[in-house]
Amino acid sequence: MADFPEHIKQAKNNLDFLSQVNDSGKKFWDWQVTISFYVAVHLVNAHIASKANMHYRSHNDVKNALNPERQVSLSKVDEETYKAFIKLQQLARRARYLCHDKAANQDEIAFFTYDKHFAKAIKNLDKIMSFIHKEYSEEFEPIQIDCIELVNYSSQYFKTGKKKIA
């Protein structure tokens, strides 16, 4: 199973891919949300591998390992990081399956993913990256993200706003 450095390497590869998809000029908001989630998956799996030497195959097992309410977990995280991961997981589920966890009549409506959902994904990913940086001193190269919903958002890891044309 992958260890801490391997998960971090994959997370950084996924960040590079996110940057390329975002840079393509086409929005593909659903894919950008999904990629953001998989960056987070590798970051939290790196944390779990480092703290507990555990390697989970299901998203539910990862969520349980991170849960700050669980007394026996060696790899739990603070509540803000946990909630960011859960929200990002929900956003990615929406992007992949066109569903919404809180909608009563899901059979009748398709829930598409837009720039506002991508903005939420980036903000939650930013929290997870901050946790990993604080916990492990891991550095991440900032990437340029073009999303109107993030124009006034300040982040250490994401440069937002319109890309400058050379």
# chains A, B, ... in the order shown; residues from 1 in each chain; ligands from 1
>>> select_by_dssp(residues="region 36-93 of chain A", states="helix (DSSP H, G or I)", output="PyMOL selection string")
chain A and resi 36-52+59-66+79-93
>>> closest_atom_pairs(of="region 94-124 of chain A", to="region 21-32 of chain A", cutoff="10 Å", atoms="only C-alpha atoms", output="JSON lines")
{"residue": "A:Arg94", "atom": "CA", "partner": "A:Asp30", "partner_atom": "CA", "distance": 8.3}
{"residue": "A:Ala95", "atom": "CA", "partner": "A:Asp30", "partner_atom": "CA", "distance": 4.7}
{"residue": "A:Arg96", "atom": "CA", "partner": "A:Asp30", "partner_atom": "CA", "distance": 7.1}
{"residue": "A:Tyr97", "atom": "CA", "partner": "A:Asp30", "partner_atom": "CA", "distance": 9.9}
{"residue": "A:Leu98", "atom": "CA", "partner": "A:Asp30", "partner_atom": "CA", "distance": 9.3}
{"residue": "A:Phe112", "atom": "CA", "partner": "A:Asp30", "partner_atom": "CA", "distance": 7.8}
{"residue": "A:Thr113", "atom": "CA", "partner": "A:Asp30", "partner_atom": "CA", "distance": 5.3}
{"residue": "A:Tyr114", "atom": "CA", "partner": "A:Trp29", "partner_atom": "CA", "distance": 5.5}
{"residue": "A:Asp115", "atom": "CA", "partner": "A:Trp29", "partner_atom": "CA", "distance": 5.9}
{"residue": "A:Lys116", "atom": "CA", "partner": "A:Trp29", "partner_atom": "CA", "distance": 8.9}
{"residue": "A:His117", "atom": "CA", "partner": "A:Trp29", "partner_atom": "CA", "distance": 7.7}
{"residue": "A:Phe118", "atom": "CA", "partner": "A:Trp29", "partner_atom": "CA", "distance": 6.0}
{"residue": "A:Ala119", "atom": "CA", "partner": "A:Trp29", "partner_atom": "CA", "distance": 9.4}
{"residue": "A:Ala121", "atom": "CA", "partner": "A:Gln32", "partner_atom": "CA", "distance": 8.6}
{"residue": "A:Ile122", "atom": "CA", "partner": "A:Gln32", "partner_atom": "CA", "distance": 9.2}
>>> closest_residue(among="A:Gln20, A:Met129, A:Lys134, A:Val77", to="His42 (chain A)", atoms="only C-alpha atoms")
A:Met129
>>> residues_around(residues="Asp61 (chain A)", least_positions_apart="6", cutoff="12 Å", atoms="only C-alpha atoms", output="PyMOL selection string")
chain A and resi 41+44-45+48+54-55+67+73+75-76
>>> closest_residue(among="A:Ala65, A:Leu74, A:Leu18, A:Ala46", to="Tyr136 (chain A)", atoms="only C-alpha atoms")
A:Ala46
>>> closest_residue(among="A:Glu138, A:Asp3, A:Asp146, A:Asp16", to="Val39 (chain A)", atoms="only C-alpha atoms")
A:Asp16
>>> select_by_dssp(residues="chain A", states="strand (DSSP E or B)", output="PyMOL selection string")
chain A and resi 143-145+158-160
>>> atom_distance(atom1="CA of Lys127 (chain A)", atom2="CA of Glu80 (chain A)")
7.6 Å
>>> closest_residue(among="A:Asn64, A:Ser19, A:Gln89, A:Ser155", to="Asp101 (chain A)", atoms="only C-alpha atoms")
A:Gln89
>>> residues_around(residues="Thr160 (chain A)", least_positions_apart="3", cutoff="7 Å", atoms="only C-alpha atoms", output="ChimeraX atom specification")
/A:144-146,150-151,153
>>> write_last_selection(atoms="N, CA, C and O atoms", output="mmCIF file, in the first residue's frame")
data_model
loop_
_atom_site.group_PDB
_atom_site.id
_atom_site.type_symbol
_atom_site.label_atom_id
_atom_site.label_comp_id
_atom_site.auth_asym_id
_atom_site.auth_seq_id
_atom_site.Cartn_x
_atom_site.Cartn_y
_atom_site.Cartn_z
ATOM 1 N N GLN A 144 -2.730 28.450 -10.255
ATOM 2 C CA GLN A 144 -3.670 29.461 -10.738
ATOM 3 C C GLN A 144 -5.003 28.787 -11.015
ATOM 4 O O GLN A 144 -5.059 27.766 -11.694
ATOM 5 N N ILE A 145 -6.073 29.350 -10.494
ATOM 6 C CA ILE A 145 -7.426 28.837 -10.708
ATOM 7 C C ILE A 145 -8.291 29.965 -11.263
ATOM 8 O O ILE A 145 -8.352 31.045 -10.685
ATOM 9 N N ASP A 146 -8.961 29.682 -12.366
ATOM 10 C CA ASP A 146 -9.878 30.641 -12.970
ATOM 11 C C ASP A 146 -11.303 30.224 -12.637
ATOM 12 O O ASP A 146 -11.785 29.199 -13.128
ATOM 13 N N LEU A 150 -14.401 32.660 -7.196
ATOM 14 C CA LEU A 150 -13.233 32.725 -6.305
ATOM 15 C C LEU A 150 -12.436 34.024 -6.463
ATOM 16 O O LEU A 150 -11.354 34.153 -5.900
ATOM 17 N N VAL A 151 -12.954 34.976 -7.203
ATOM 18 C CA VAL A 151 -12.204 36.193 -7.508
ATOM 19 C C VAL A 151 -11.677 36.884 -6.250
ATOM 20 O O VAL A 151 -10.534 37.319 -6.211
ATOM 21 N N TYR A 153 -11.303 35.470 -3.246
ATOM 22 C CA TYR A 153 -10.856 34.481 -2.271
ATOM 23 C C TYR A 153 -9.336 34.529 -2.142
ATOM 24 O O TYR A 153 -8.611 34.523 -3.127
#
>>> decode(residues="region 35-71 of chain A", atoms="N, CA and C atoms", output="CSV table (one decimal), in the first residue's frame")
chain,number,residue,atom,x,y,z
A,35,ILE,N,-11.7,16.1,-9.2
A,35,ILE,CA,-10.3,16.1,-9.1
A,35,ILE,C,-9.9,16.7,-7.7
A,36,SER,N,-10.5,17.7,-7.3
A,36,SER,CA,-10.3,18.3,-6.0
A,36,SER,C,-10.5,17.3,-4.9
A,37,PHE,N,-11.6,16.6,-5.0
A,37,PHE,CA,-11.8,15.5,-4.0
A,37,PHE,C,-10.7,14.5,-4.0
A,38,TYR,N,-10.2,14.1,-5.1
A,38,TYR,CA,-9.2,13.1,-5.1
A,38,TYR,C,-7.8,13.6,-4.7
A,39,VAL,N,-7.6,14.9,-4.8
A,39,VAL,CA,-6.4,15.5,-4.1
A,39,VAL,C,-6.6,15.3,-2.6
A,40,ALA,N,-7.8,15.6,-2.1
A,40,ALA,CA,-8.0,15.5,-0.7
A,40,ALA,C,-7.9,14.1,-0.2
A,41,VAL,N,-8.4,13.1,-1.0
A,41,VAL,CA,-8.4,11.7,-0.7
A,41,VAL,C,-6.9,11.3,-0.4
A,42,HIS,N,-6.0,11.7,-1.3
A,42,HIS,CA,-4.6,11.3,-1.1
A,42,HIS,C,-4.0,12.1,0.0
A,43,LEU,N,-4.4,13.3,0.3
A,43,LEU,CA,-3.8,14.0,1.4
A,43,LEU,C,-4.2,13.4,2.7
A,44,VAL,N,-5.5,13.1,2.9
A,44,VAL,CA,-5.9,12.4,4.1
A,44,VAL,C,-5.4,11.0,4.3
A,45,ASN,N,-5.3,10.3,3.1
A,45,ASN,CA,-4.7,9.0,3.2
A,45,ASN,C,-3.2,9.0,3.6
A,46,ALA,N,-2.5,10.1,3.2
A,46,ALA,CA,-1.1,10.3,3.6
A,46,ALA,C,-1.1,10.5,5.1
A,47,HIS,N,-2.0,11.3,5.6
A,47,HIS,CA,-2.1,11.5,7.1
A,47,HIS,C,-2.4,10.2,7.8
A,48,ILE,N,-3.3,9.4,7.3
A,48,ILE,CA,-3.7,8.2,8.0
A,48,ILE,C,-2.5,7.2,8.0
A,49,ALA,N,-1.8,7.1,6.8
A,49,ALA,CA,-0.7,6.2,6.7
A,49,ALA,C,0.4,6.7,7.7
A,50,SER,N,0.6,8.0,7.8
A,50,SER,CA,1.7,8.5,8.7
A,50,SER,C,1.3,8.2,10.2
A,51,LYS,N,0.1,8.6,10.6
A,51,LYS,CA,-0.3,8.5,12.0
A,51,LYS,C,-0.6,7.1,12.5
A,52,ALA,N,-1.3,6.3,11.7
A,52,ALA,CA,-1.8,5.0,12.1
A,52,ALA,C,-1.2,3.8,11.3
A,53,ASN,N,-0.4,4.1,10.3
A,53,ASN,CA,0.1,3.1,9.4
A,53,ASN,C,-1.1,2.2,8.9
A,54,MET,N,-2.2,2.9,8.6
A,54,MET,CA,-3.4,2.2,8.1
A,54,MET,C,-3.6,2.6,6.6
A,55,HIS,N,-4.3,1.7,5.9
A,55,HIS,CA,-4.5,1.9,4.5
A,55,HIS,C,-5.9,1.4,4.2
A,56,TYR,N,-6.8,2.4,3.9
A,56,TYR,CA,-8.2,2.1,3.7
A,56,TYR,C,-8.5,2.1,2.2
A,57,ARG,N,-9.5,1.2,1.8
A,57,ARG,CA,-9.9,1.2,0.4
A,57,ARG,C,-11.3,1.8,0.2
A,58,SER,N,-12.0,2.1,1.3
A,58,SER,CA,-13.3,2.7,1.1
A,58,SER,C,-13.3,4.1,1.6
A,59,HIS,N,-14.2,5.0,1.0
A,59,HIS,CA,-14.3,6.3,1.5
A,59,HIS,C,-14.9,6.4,2.9
A,60,ASN,N,-15.8,5.4,3.2
A,60,ASN,CA,-16.4,5.4,4.5
A,60,ASN,C,-15.4,5.1,5.6
A,61,ASP,N,-14.5,4.2,5.3
A,61,ASP,CA,-13.4,3.8,6.3
A,61,ASP,C,-12.5,5.1,6.5
A,62,VAL,N,-12.2,5.8,5.4
A,62,VAL,CA,-11.4,7.0,5.6
A,62,VAL,C,-12.1,8.0,6.4
A,63,LYS,N,-13.4,8.2,6.1
A,63,LYS,CA,-14.2,9.2,6.9
A,63,LYS,C,-14.2,8.8,8.4
A,64,ASN,N,-14.4,7.6,8.7
A,64,ASN,CA,-14.4,7.1,10.1
A,64,ASN,C,-13.0,7.3,10.7
A,65,ALA,N,-12.0,7.1,10.0
A,65,ALA,CA,-10.6,7.2,10.6
A,65,ALA,C,-10.3,8.7,10.9
A,66,LEU,N,-10.9,9.6,10.2
A,66,LEU,CA,-10.6,11.0,10.4
A,66,LEU,C,-11.5,11.6,11.4
A,67,ASN,N,-12.6,11.0,11.7
A,67,ASN,CA,-13.7,11.6,12.6
A,67,ASN,C,-13.1,12.0,14.0
A,68,PRO,N,-13.2,13.3,14.3
A,68,PRO,CA,-12.7,13.8,15.6
A,68,PRO,C,-13.5,13.3,16.8
A,69,GLU,N,-14.7,12.8,16.5
A,69,GLU,CA,-15.6,12.3,17.6
A,69,GLU,C,-15.2,10.9,18.1
A,70,ARG,N,-14.4,10.2,17.2
A,70,ARG,CA,-14.0,8.8,17.6
A,70,ARG,C,-12.9,8.8,18.5
A,71,GLN,N,-13.1,8.2,19.7
A,71,GLN,CA,-12.0,8.2,20.7
A,71,GLN,C,-10.8,7.3,20.4
